[in-house]
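Asks: Provided herewith: coords29.cif, mmCIF, C-alpha atoms.
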```cif
data_start
loop_
_atom_site.label_atom_id
_atom_site.label_comp_id
_atom_site.auth_asym_id
_atom_site.auth_seq_id
_atom_site.Cartn_x
_atom_site.Cartn_y
_atom_site.Cartn_z
CA MET A 28 69.75 63.19 113.26
CA ARG A 29 71.05 63.73 109.73
CA LYS A 30 74.64 64.83 109.29
CA VAL A 31 75.09 67.55 106.66
CA CYS A 32 78.69 68.26 105.66
CA VAL A 33 79.56 71.59 104.03
CA VAL A 34 82.96 71.88 102.32
CA VAL A 35 84.36 75.44 102.13
CA GLY A 36 87.37 76.04 99.89
CA SER A 37 87.54 79.81 99.39
CA ARG A 38 86.20 83.17 100.58
CA ALA A 39 83.65 83.11 97.74
CA ASN A 40 82.53 79.60 98.80
CA TYR A 41 81.91 80.76 102.35
CA SER A 42 79.87 83.85 101.48
CA SER A 43 77.81 81.67 99.12
CA ILE A 44 76.77 79.17 101.79
CA ARG A 45 77.05 80.94 105.17
CA SER A 46 73.31 81.64 105.59
CA ALA A 47 72.48 78.01 104.86
CA MET A 48 75.14 76.88 107.36
CA HIS A 49 73.46 78.93 110.07
CA ALA A 50 70.06 77.42 109.21
CA ILE A 51 71.44 73.87 109.28
CA LYS A 52 73.26 74.50 112.57
CA ASN A 53 70.09 75.83 114.20
CA HIS A 54 67.85 72.98 112.99
CA SER A 55 67.01 70.42 115.66
CA ASP A 56 67.08 67.44 113.28
CA LEU A 57 70.35 68.28 111.51
CA LEU A 58 73.99 68.15 112.54
CA LEU A 59 76.27 70.55 110.67
CA GLN A 60 79.76 69.35 109.77
CA VAL A 61 82.27 71.83 108.37
CA VAL A 62 85.34 70.98 106.29
CA VAL A 63 87.65 73.86 105.35
CA GLY A 64 90.33 73.52 102.69
CA ALA A 65 92.31 75.03 99.82
CA SER A 66 92.74 78.82 99.87
CA ALA A 67 90.31 79.23 102.79
CA LEU A 68 93.11 78.01 105.09
CA LEU A 69 95.92 80.21 103.80
CA ASP A 70 96.95 83.57 105.20
CA ARG A 71 97.83 85.04 101.81
CA TYR A 72 94.20 84.59 100.78
CA GLY A 73 92.88 86.06 104.00
CA ALA A 74 92.63 82.92 106.21
CA VAL A 75 88.86 82.59 105.77
CA VAL A 76 88.92 79.75 108.33
CA ASP A 77 89.42 82.37 111.06
CA LEU A 78 86.27 84.17 109.93
CA ILE A 79 84.33 80.88 109.85
CA GLU A 80 85.31 80.15 113.46
CA LYS A 81 84.62 83.75 114.49
CA ASP A 82 81.09 83.33 113.09
CA GLY A 83 80.55 80.51 115.57
CA PHE A 84 81.08 77.44 113.39
CA GLU A 85 83.14 74.52 114.62
CA VAL A 86 85.54 73.26 111.96
CA ASP A 87 85.49 69.46 111.92
CA ALA A 88 88.38 68.99 109.48
CA LYS A 89 91.02 71.03 107.66
CA LEU A 90 92.31 70.03 104.25
CA TYR A 91 95.60 71.44 102.96
CA MET A 92 95.40 70.73 99.24
CA LEU A 93 96.81 73.70 97.31
CA VAL A 94 99.93 72.93 95.29
CA GLU A 95 102.12 76.04 94.92
CA GLY A 96 102.44 77.74 91.56
CA GLU A 97 98.94 78.84 90.53
CA THR A 98 99.33 77.30 87.07
CA PRO A 99 96.90 75.05 85.17
CA ALA A 100 99.08 72.07 86.09
CA THR A 101 99.14 72.89 89.82
CA MET A 102 95.39 73.54 89.77
CA ALA A 103 94.88 70.03 88.35
CA LYS A 104 97.28 68.61 90.95
CA SER A 105 95.45 70.46 93.76
CA THR A 106 92.22 68.85 92.61
CA GLY A 107 93.98 65.48 92.79
CA VAL A 108 95.29 66.14 96.31
CA GLY A 109 91.78 67.03 97.41
CA LEU A 110 90.40 63.86 95.85
CA ILE A 111 93.00 61.80 97.73
CA GLU A 112 92.42 63.42 101.13
CA LEU A 113 88.66 64.05 101.19
CA PRO A 114 87.65 60.35 101.29
CA THR A 115 89.57 59.97 104.56
CA ILE A 116 87.71 62.94 106.03
CA PHE A 117 84.33 61.68 104.81
CA GLU A 118 85.10 58.21 106.13
CA ARG A 119 85.70 59.69 109.58
CA LEU A 120 82.74 62.11 109.60
CA GLN A 121 80.23 59.72 107.95
CA PRO A 122 77.97 62.49 106.54
CA ASP A 123 74.54 61.66 105.16
CA ILE A 124 74.84 64.45 102.61
CA VAL A 125 77.63 66.69 101.33
CA ILE A 126 76.88 70.22 100.15
CA THR A 127 79.23 71.59 97.52
CA VAL A 128 79.13 75.16 96.24
CA GLY A 129 79.48 76.49 92.72
CA ASP A 130 82.22 75.63 90.30
CA ARG A 131 85.78 75.80 91.63
CA PHE A 132 88.41 73.07 91.33
CA GLU A 133 88.08 72.09 94.99
CA THR A 134 84.34 71.72 94.36
CA MET A 135 85.09 69.09 91.74
CA ALA A 136 87.26 67.15 94.20
CA THR A 137 84.50 67.29 96.82
CA THR A 138 81.88 66.05 94.38
CA LEU A 139 83.90 63.15 93.01
CA ALA A 140 84.94 61.94 96.47
CA ALA A 141 81.38 62.02 97.84
CA ALA A 142 79.79 60.48 94.74
CA TYR A 143 82.23 57.57 94.61
CA MET A 144 81.55 56.93 98.30
CA ASN A 145 77.77 56.79 97.72
CA ILE A 146 77.21 59.92 99.79
CA ALA A 147 74.37 62.12 98.56
CA VAL A 148 75.61 65.34 96.95
CA ALA A 149 73.70 68.63 97.06
CA HIS A 150 74.91 71.32 94.66
CA THR A 151 74.19 75.03 94.98
CA MET A 152 74.41 77.60 92.15
CA GLY A 153 74.50 75.01 89.39
CA GLY A 154 73.09 75.38 85.88
CA GLU A 155 74.64 78.78 85.13
CA VAL A 156 76.70 79.60 82.06
CA THR A 157 79.90 81.64 81.98
CA GLY A 158 81.81 80.37 78.97
CA THR A 159 85.02 79.39 80.84
CA ILE A 160 86.38 76.24 82.50
CA ASP A 161 84.17 77.09 85.49
CA GLU A 162 81.11 76.32 83.36
CA SER A 163 82.48 72.89 82.42
CA ILE A 164 83.12 72.09 86.09
CA ARG A 165 79.69 73.41 87.09
CA HIS A 166 77.83 71.25 84.57
CA ALA A 167 79.93 68.18 85.40
CA ILE A 168 79.05 68.57 89.09
CA THR A 169 75.37 68.82 88.13
CA LYS A 170 75.56 65.32 86.64
CA PHE A 171 77.13 63.92 89.82
CA ALA A 172 74.77 65.72 92.23
CA HIS A 173 71.54 64.27 93.59
CA ILE A 174 69.86 67.47 94.81
CA HIS A 175 70.13 70.83 93.06
CA PHE A 176 69.63 74.34 94.42
CA PRO A 177 69.94 76.74 91.45
CA ALA A 178 69.88 80.51 91.92
CA SER A 179 67.80 81.57 88.91
CA VAL A 180 64.96 80.34 86.72
CA ASP A 181 67.27 80.01 83.71
CA ALA A 182 69.70 77.89 85.71
CA LYS A 183 66.89 75.65 86.98
CA ASN A 184 65.64 75.05 83.44
CA ARG A 185 69.15 74.24 82.21
CA ILE A 186 69.68 71.65 84.96
CA ILE A 187 66.46 69.91 83.93
CA LYS A 188 67.51 70.04 80.27
CA LEU A 189 70.78 68.36 81.29
CA GLY A 190 68.64 65.37 82.26
CA GLU A 191 68.15 65.84 85.99
CA GLU A 192 64.81 64.87 87.53
CA GLU A 193 62.62 67.92 88.01
CA ASP A 194 61.62 66.89 91.53
CA SER A 195 65.27 67.02 92.60
CA VAL A 196 65.70 70.66 91.48
CA TYR A 197 64.68 73.39 93.95
CA LEU A 198 64.81 77.02 92.86
CA THR A 199 66.16 78.70 96.01
CA GLY A 200 67.91 81.85 94.85
CA CYS A 201 71.47 82.72 95.82
CA PRO A 202 72.40 82.39 99.52
CA ARG A 203 74.87 85.26 99.07
CA ILE A 204 71.88 87.60 98.75
CA ASP A 205 70.72 86.58 102.24
CA LEU A 206 74.05 87.75 103.58
CA VAL A 207 73.91 91.03 101.65
CA ALA A 208 70.40 91.75 102.88
CA ASP A 209 71.40 91.16 106.51
CA ILE A 210 74.36 93.51 106.15
CA LEU A 211 72.33 96.26 104.49
CA ARG A 212 69.57 95.94 107.08
CA ASP A 213 72.14 96.89 109.70
CA ASP A 214 72.78 100.56 108.92
CA MET A 215 76.27 100.64 110.42
CA ASP A 216 78.96 103.00 109.20
CA ILE A 217 81.78 101.34 107.30
CA GLY A 218 84.31 102.87 109.69
CA ASN A 219 88.05 103.15 109.08
CA ILE A 220 89.17 100.20 106.98
CA PHE A 221 92.66 101.49 106.25
CA GLY A 222 94.31 99.94 109.29
CA ASP A 223 94.72 96.84 107.12
CA GLY A 224 96.27 96.49 103.68
CA VAL A 225 98.80 98.87 102.13
CA GLY A 226 98.57 102.17 100.29
CA ASP A 227 97.07 105.62 100.66
CA ASN A 228 94.16 106.56 102.91
CA PHE A 229 91.20 108.53 101.60
CA SER A 230 87.62 109.38 102.46
CA LEU A 231 85.01 106.76 101.59
CA ASP A 232 82.34 109.46 101.82
CA GLU A 233 83.61 110.85 98.51
CA GLN A 234 83.59 109.14 95.10
CA PHE A 235 85.93 106.16 94.77
CA LEU A 236 86.34 103.04 92.59
CA LEU A 237 86.51 99.41 93.69
CA VAL A 238 88.58 96.82 91.78
CA SER A 239 88.07 93.06 92.07
CA GLN A 240 89.76 91.12 89.26
CA HIS A 241 90.63 87.42 89.13
CA PRO A 242 92.57 85.27 86.67
CA VAL A 243 90.76 83.74 83.69
CA THR A 244 91.99 80.14 83.66
CA THR A 245 91.39 79.75 79.91
CA GLU A 246 93.56 82.84 79.29
CA TYR A 247 96.50 81.73 81.40
CA GLY A 248 99.54 83.99 81.02
CA GLU A 249 97.50 87.11 80.21
CA GLY A 250 96.75 88.13 83.79
CA GLU A 251 99.60 90.60 84.31
CA LYS A 252 98.75 92.55 81.18
CA GLN A 253 95.05 92.46 81.99
CA ILE A 254 95.38 93.82 85.53
CA THR A 255 97.85 96.47 84.36
CA ASN A 256 95.30 97.74 81.83
CA THR A 257 92.67 97.83 84.56
CA LEU A 258 94.88 99.71 87.02
CA ASP A 259 95.91 102.19 84.32
CA ALA A 260 92.26 102.86 83.51
CA VAL A 261 91.10 103.38 87.09
CA ARG A 262 94.14 105.59 87.80
CA ASP A 263 93.24 107.79 84.84
CA SER A 264 89.75 108.30 86.28
CA GLY A 265 91.31 110.58 88.89
CA LEU A 266 89.34 108.89 91.69
CA PRO A 267 90.77 107.03 94.70
CA VAL A 268 90.69 103.25 94.30
CA VAL A 269 90.29 100.25 96.61
CA VAL A 270 91.97 97.19 95.03
CA LEU A 271 91.45 93.60 96.16
CA TRP A 272 93.92 90.75 95.72
CA PRO A 273 92.93 87.93 93.30
CA ASN A 274 91.71 84.45 94.18
CA ALA A 275 93.82 81.26 94.02
CA ASP A 276 92.99 80.13 90.47
CA ALA A 277 95.66 79.43 87.86
CA GLY A 278 97.11 82.79 86.85
CA SER A 279 96.75 84.34 90.30
CA GLU A 280 100.48 85.01 90.50
CA ASP A 281 100.36 86.86 87.16
CA ILE A 282 97.80 89.31 88.55
CA SER A 283 99.67 89.63 91.85
CA ARG A 284 102.88 90.37 89.94
CA GLY A 285 101.11 93.03 87.90
CA ILE A 286 99.86 94.72 91.08
CA ARG A 287 103.31 94.61 92.68
CA LYS A 288 104.99 96.08 89.60
CA PHE A 289 102.38 98.83 89.42
CA ARG A 290 103.14 99.78 93.02
CA GLU A 291 106.92 99.52 92.54
CA LYS A 292 106.70 102.03 89.71
CA GLY A 293 105.03 104.49 92.09
CA MET A 294 101.83 104.62 90.04
CA ASP A 295 99.56 103.77 92.98
CA ASP A 296 98.78 107.26 94.29
CA HIS A 297 95.35 107.35 95.96
CA MET A 298 95.11 103.55 95.88
CA HIS A 299 94.79 101.10 98.76
CA PHE A 300 95.34 97.34 98.35
CA PHE A 301 93.75 94.59 100.44
CA LYS A 302 94.57 90.90 100.57
CA ASN A 303 91.13 90.17 101.98
CA LEU A 304 88.21 92.06 103.49
CA PRO A 305 85.39 90.97 105.80
CA THR A 306 82.27 90.31 103.75
CA SER A 307 80.37 93.05 105.56
CA THR A 308 83.04 95.60 104.66
CA TYR A 309 83.10 94.52 101.02
CA ILE A 310 79.31 94.76 100.71
CA ARG A 311 79.31 98.25 102.20
CA LEU A 312 82.08 99.25 99.79
CA MET A 313 79.91 97.95 96.93
CA GLN A 314 77.04 100.08 98.22
CA LYS A 315 79.18 103.24 98.42
CA THR A 316 81.47 102.92 95.39
CA SER A 317 80.96 104.93 92.21
CA CYS A 318 81.80 101.79 90.23
CA LEU A 319 83.03 98.22 90.74
CA VAL A 320 85.60 97.35 88.07
CA GLY A 321 86.86 93.84 87.25
CA ASN A 322 85.46 90.38 86.58
CA SER A 323 84.09 89.20 89.92
CA SER A 324 80.69 87.52 89.98
CA SER A 325 79.85 89.71 92.98
CA GLY A 326 79.23 92.59 90.59
CA ILE A 327 76.63 90.55 88.76
CA ARG A 328 75.02 88.78 91.74
CA GLU A 329 75.28 91.10 94.74
CA GLY A 330 75.64 94.14 92.48
CA ALA A 331 72.19 93.62 90.95
CA PHE A 332 70.63 93.58 94.43
CA ILE A 333 72.62 96.52 95.82
CA GLY A 334 72.46 98.59 92.64
CA THR A 335 76.23 98.83 92.24
CA PRO A 336 77.42 100.22 88.88
CA VAL A 337 79.68 97.51 87.43
CA VAL A 338 82.23 97.46 84.62
CA ASN A 339 82.55 93.75 83.83
CA ILE A 340 85.83 93.11 82.02
CA GLY A 341 86.61 90.27 79.64
CA THR A 342 85.26 86.74 79.36
CA ARG A 343 85.26 85.40 82.93
CA GLN A 344 81.53 86.10 83.35
CA ASP A 345 80.70 85.62 79.67
CA GLN A 346 77.04 84.62 79.11
CA ARG A 347 76.13 84.83 82.82
CA GLU A 348 72.74 86.45 83.42
CA ARG A 349 73.11 90.06 84.46
CA GLY A 350 71.09 93.16 85.29
CA SER A 351 71.10 96.68 83.90
CA ASN A 352 73.71 97.72 86.47
CA VAL A 353 76.44 96.03 84.35
CA ILE A 354 78.39 97.37 81.36
CA ASN A 355 80.71 94.93 79.58
CA SER A 356 84.23 95.90 78.54
CA GLU A 357 87.16 94.41 76.66
CA HIS A 358 90.53 93.90 78.38
CA ASP A 359 92.03 97.17 77.11
CA LYS A 360 92.52 100.48 78.87
CA ALA A 361 90.45 102.58 76.47
CA SER A 362 87.42 100.29 76.67
CA ILE A 363 87.58 100.10 80.47
CA SER A 364 87.96 103.88 80.81
CA ALA A 365 85.02 104.51 78.49
CA ALA A 366 82.79 102.17 80.50
CA ILE A 367 83.80 103.82 83.79
CA ASP A 368 83.03 107.23 82.31
CA VAL A 369 79.49 106.13 81.44
CA PHE A 370 78.76 105.54 85.12
CA LEU A 371 80.61 108.63 86.35
CA ILE A 372 78.72 110.86 83.92
CA ASN A 373 75.38 109.19 84.75
CA SER A 374 75.95 108.69 88.47
CA SER A 375 72.21 108.78 89.26
CA ALA A 376 71.23 106.16 86.68
CA ILE A 377 71.43 103.21 89.09
CA SER A 378 69.09 102.92 92.06
CA ARG A 379 70.95 101.84 95.21
CA SER A 380 69.58 99.65 97.97
CA LYS A 381 69.80 102.18 100.78
CA SER A 382 67.39 100.16 102.87
CA VAL A 383 66.20 96.61 102.73
CA SER A 384 62.57 96.71 101.66
CA ILE A 385 61.57 94.56 98.73
CA SER A 386 58.12 94.16 97.27
CA ILE A 387 56.85 91.12 95.40
CA GLU A 388 56.98 93.21 92.22
CA SER A 389 60.63 94.23 92.64
CA PHE A 390 61.62 90.71 93.70
CA SER A 391 61.05 89.42 90.18
CA LEU A 392 63.57 91.93 88.83
CA ILE A 393 66.46 90.52 90.88
CA ILE A 394 67.89 87.76 88.71
CA TYR A 395 69.36 85.64 91.48
CA GLY A 396 66.58 86.36 93.95
CA ILE A 397 66.46 86.22 97.70
CA SER A 398 67.68 82.84 98.79
CA PHE A 399 65.22 80.34 100.20
CA LEU A 400 67.98 77.76 100.67
CA PRO A 401 68.23 78.32 104.46
CA ASN A 402 64.56 77.38 104.64
CA ARG A 403 65.03 74.04 102.87
CA VAL A 404 65.59 71.14 105.20
CA PHE A 405 67.90 68.42 103.98
CA LEU A 406 66.15 65.50 105.68
CA LEU A 407 66.49 62.44 103.47
CA SER A 408 63.66 60.05 104.29
CA ASN A 409 60.81 58.37 102.53
CA LYS A 410 57.99 60.68 103.60
CA LEU A 411 56.97 64.27 104.00
CA LEU A 412 57.73 65.24 107.60
CA SER A 413 55.90 68.51 107.90
CA THR A 414 54.56 71.54 106.12
CA MET A 415 54.50 74.96 107.68
CA TYR A 416 54.42 78.65 106.94
CA ILE A 417 57.72 80.49 107.21
CA ALA A 418 58.83 84.05 106.73
CA ALA A 419 61.50 83.98 104.06
CA PRO A 420 63.67 87.10 103.88
CA PHE A 421 61.40 89.98 102.90
CA LEU A 422 58.65 87.79 101.45
CA ALA A 423 56.11 85.77 103.38
CA ARG A 424 56.26 82.43 101.61
CA LYS A 425 54.48 79.18 102.15
CA CYS A 426 57.21 76.58 102.09
CA GLY A 427 57.13 72.84 102.58
CA PHE A 428 59.93 71.04 104.33
CA PHE A 429 60.49 68.36 101.76
CA CYS A 430 62.16 65.05 102.22
CA ARG A 431 63.05 62.57 99.55
CA ARG A 432 64.55 59.12 99.35
CA LEU A 433 67.83 58.89 97.49
CA SER A 434 68.43 55.54 95.84
CA LEU A 435 72.21 55.34 95.53
CA SER A 436 73.70 52.51 93.53
CA GLY A 437 76.43 50.54 95.21
#
```
Give the structure from the file, written as structure tokens.
Replies:
Amino acid sequence: MRKVCVVVGSRANYSSIRSAMHAIKNHSDLLLQVVVGASALLDRYGAVVDLIEKDGFEVDAKLYMLVEGETPATMAKSTGVGLIELPTIFERLQPDIVITVGDRFETMATTLAAAYMNIAVAHTMGGEVTGTIDESIRHAITKFAHIHFPASVDAKNRIIKLGEEEDSVYLTGCPRIDLVADILRDDMDIGNIFGDGVGDNFSLDEQFLLVSQHPVTTEYGEGEKQITNTLDAVRDSGLPVVVLWPNADAGSEDISRGIRKFREKGMDDHMHFFKNLPTSTYIRLMQKTSCLVGNSSSGIREGAFIGTPVVNIGTRQDQRERGSNVINSEHDKASISAAIDVFLINSSAISRSKSVSISIESFSLIIYGISFLPNRVFLLSNKLLSTMYIAAPFLARKCGFFCRRLSLSG
């Protein structure tokens, strides 16, 4: 039985790999190992570890690695702490393969530790461009990884151009879309979400805005001004607003301070603020909102599938592939307000995913696709074990369970 270790370091990490974790857990020839660290352990970022355990996963190790401060220096130090502690965990768990997700600083620590220990590294969502430090981390991880699971055709081609062997690159789509599809298939009402968080209550059956804005690490020190401009713009729309707390990247405290000051000035009428939301609640908010405002990749990935109107602010997602549901904006109030108005005036311009029914024709229009990653089996051997037909989400696909030998230098 092959041991597959998944390292989860944030709420975004978890939603990006959860469907694959379920598939690995349910496979008779694989043993899932789960390591949870960084912001995923901390209450102020929503204690994602509680959600992981609630979903039925056993956590094999916890890694406290975040250095307080949320500055570029503490982010570098947190990476170092992770690199010091992860080898001990890997030495105890003895995984055959480590799966690392995306492009965050804890992902870099995971990759370096596993690679130096001659443990095979599988990387999801590599090959994408964004124009920030995340892109540098993402491409660096690509060069350390042995198996690649990109989410789009463009990303797959870029990984190959970076020099990776084509037979180690599997175009799987984004696992986050699996999760979205499952949630939308279940036509549950969003219910009353206002028992958590702080702020005013309002009807989610009427128009409202959703704000999800994170720090841009290459623009450290600008976060407070940037979030203030965003909050001013959404307030001027006259609509109620759901606002989410930022992630743990350098500059997080700047955005948090901007939110606190905005509330202290009494400018938060018809706004409700959440430290964290269950993924299912967030997806249903994306489906119902008049517009998602901020710089979260969820607007570009999940938003393209759901049909969420998105105002993408600033450079955090610069150059990332996006659909027609996205309008780009500068970090100033006037630009943000103008972009919001485009969607409010043309509220019927975007087609929403009210039900989950996707044809082969429409599938090609979703940039990041429906993920086939849960249907890939990470059995590392020297021969093909089996080939079978499977029903991938929404599309009947013939899929081989591939195995490959990894020759790791000592």
Asks: For a quick check of understanding, using all atoms listed in the file, which of A:Ala88, A:Ala260, A:Val75, A:Leu58 has the smallest distance to A:Tyr41?
Replies: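 The shortest atom-to-atom distance to A:Tyr41 comes from A:Val75.
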Asks: List the neighbours of A:Asp276 out to 10 Å using all atoms listed in the file; skip same-chain residues closer than 3 positions along the sequence, and give me the result as a list in words.
Replies: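 That gives Ser66, Gly96, Glu97, Thr98, Pro99, Thr101, Met102, Arg131, Phe132, His241, Pro242, Val243, Thr244, Tyr247, Pro273, Ser279 and Glu280 of chain A.
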Asks: Which is closest to A:Asp209 among A:Asn339, A:Arg45, A:Asn355, A:Leu110, if we use only C-alpha atoms?
Replies: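 With only C-alpha atoms as the atom set, the closest residue is A:Arg45.
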Asks: Using only C-alpha atoms for the distances, tell me which of A:Thr138, A:Ser364, A:Thr245, A:Gln60 is nearest to A:Lys89.
Replies: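 Counting only C-alpha atoms, the residue closest to A:Lys89 is A:Gln60.
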Asks: Which distance in Å separates atom CA of A:Glu291 and atom CA of A:Thr255, to one decimal?
Replies: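 So the answer is 12.6 Å.
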Asks: Could you pull out every residue with an atom within 10 Å of (86.9, 104.2, 81.8), file coordinates, counting all atoms listed in the file, and send them as a list of chain:residue names?
Replies: A:Thr257, A:Asp259, A:Ala260, A:Val261, A:Arg262, A:Asp263, A:Ser264, A:Val320, A:Val338, A:Ser356, A:Asp359, A:Lys360, A:Ala361, A:Ser362, A:Ile363, A:Ser364, A:Ala365, A:Ala366, A:Ile367, A:Asp368, A:Val369, A:Phe370, A:Leu371
Asks: To one decimal place, how far is atom CA of A:Cys318 from atom CA of A:Leu236 in Å?
Replies: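 A separation of 5.3 Å between them.
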Asks: I want to know what sits within 7 Å of A:Arg29, based on all atoms listed in the file, with residues of the same chain fewer than 2 positions away left out; could you give that as a CSV table (one decimal) with C-alpha atoms, in the coordinates of the input?
Replies:
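This is the output file around-v9.csv:
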```csv
chain,number,residue,atom,x,y,z
A,31,VAL,CA,75.1,67.6,106.7
A,56,ASP,CA,67.1,67.4,113.3
A,57,LEU,CA,70.4,68.3,111.5
A,58,LEU,CA,74.0,68.2,112.5
A,123,ASP,CA,74.5,61.7,105.2
A,406,LEU,CA,66.2,65.5,105.7
```
Asks: Taking into account all atoms listed in the file, which residue in the set A:Cys201, A:Val180, A:Val156, A:Met28 is nearest to A:Ala47?
Replies: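 Among the listed residues, A:Cys201 lies closest to A:Ala47.
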Asks: With distances taken over only C-alpha atoms, which residue among A:Leu319, A:Ala167, A:Cys32, A:Ala275 lies nearest A:Lys52?
Replies: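 For A:Lys52, the nearest of the given residues is A:Cys32.
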